[in-house]
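The structure appears below as structure tokens.
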Amino acid sequence: MTDTKFCGLKTGSDVAAARQAGARWTGYVVFPPSPRHVSPALAGELAHLAEGTETVAVTVNANDDLLAQIRDAMRPDWIQLHGSEDPQRVIAARGYAKRGIIKALPVAEEADLAAATPFDGVADWLLFDAKPPKGADRPGGWGHGYDYTILKKLRLSSPWLLSGGLSPTNVLAAVNAAGAQAVDISSGIETAPGIKSAKLMNEFAGALAPQTP
């Protein structure tokens with residue numbers, strides 16, 4: 001069974017749907033430019049409802065003050081660093097999360113995978129997301145994909161998640177193409193930016209469920 005992270009949750013019903021769909025991780029974006037942004041306080045309220053999942057605070061180049069707010073309000077299992085953070089920042093941020101750090105890296109072509117090497121064994125998880133469009137105001141959540149087969153070339157000690165352009169209709173093929181054991185989805189389970197769909201969450205989970213003969 002492929003582990004799933006449902007990200008960008010904003011309401012209690014989002015959290016309930018993610019839990020029902022079998023999410024391993026539930027993600028809460030604390031980054032105002034995103035249509036999925038929630039305050040640290042709301043992230044904490046939602047995380048409290050997410051029993052049975054591992055909670056993830058998604059941040060972009062967050063300073064220590066913001067990480068402390070997130071820690072105090074949410075007590076996240078994981079903090080996802082989705083900006084231009086370097087390995088030293090990964091190490092420094094680990095103290096704000098109960099379990100560790102997920103470091104997101106942008107991918108468009110095979111050459112981009114080299115950026116993972118300095119983080120291998122430093123971040124607890126890596127996440128490969130599609131590079132954002134030129135001039136974008138946020139690094140993820142655009143619904144864009146890439147050639148997932150390039151990820152099959154990865155030889156890493158840190159486990160990793162596949163992200164970027166996934167949907168209920170393509171996730172199984174993407175997982176097989178990439179050799180992924182975990183996936184992250186946000187825009188592909190929405191009816192509009194920031195508006196999650198329980199139906200699409202269930203369809204996404206169903207697409208990954210083991211098929212009985």
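Chain labels A, B, ... are given in the sequence in which chains occur in the structure tokens; within each chain residues are numbered consecutively from 1, and ligands are likewise numbered from 1 in the order shown.
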
Long-range neighbours of range 53-64 of chain A as a PyMOL selection string, 7 Å cut-off, only C-alpha atoms, 3 positions minimum in chain: chain A and resi 23-31+47+50+67-68+76-85

Can you tell me, as a list in words, which residues in range 17-58 of chain A count as helix (DSSP H, G or I) by DSSP? Ala17, Ala18, Arg19, Gln20, Pro40, Ala41, Leu42, Ala43, Gly44, Glu45, Leu46, Ala47 and His48 of chain A

Residue neighbourhood range 189-202 of chain A, 6 Å, only C-alpha atoms, exclusion window fewer than 6 positions, as JSON, numbers by chain: {"A": [17, 21, 35, 36]}

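Closest approach to Ala205 in chain A from the set A:Leu172, A:Cys7, A:Ile150, A:Ala178 is made by A:Leu172, with distances taken over only C-alpha atoms.
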
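Compared by their closest atoms to Glu51 in chain A, and using only C-alpha atoms, the residues A:Ala93, A:Ala16, A:Leu151, A:Ile70 rank with A:Ala16 nearest.
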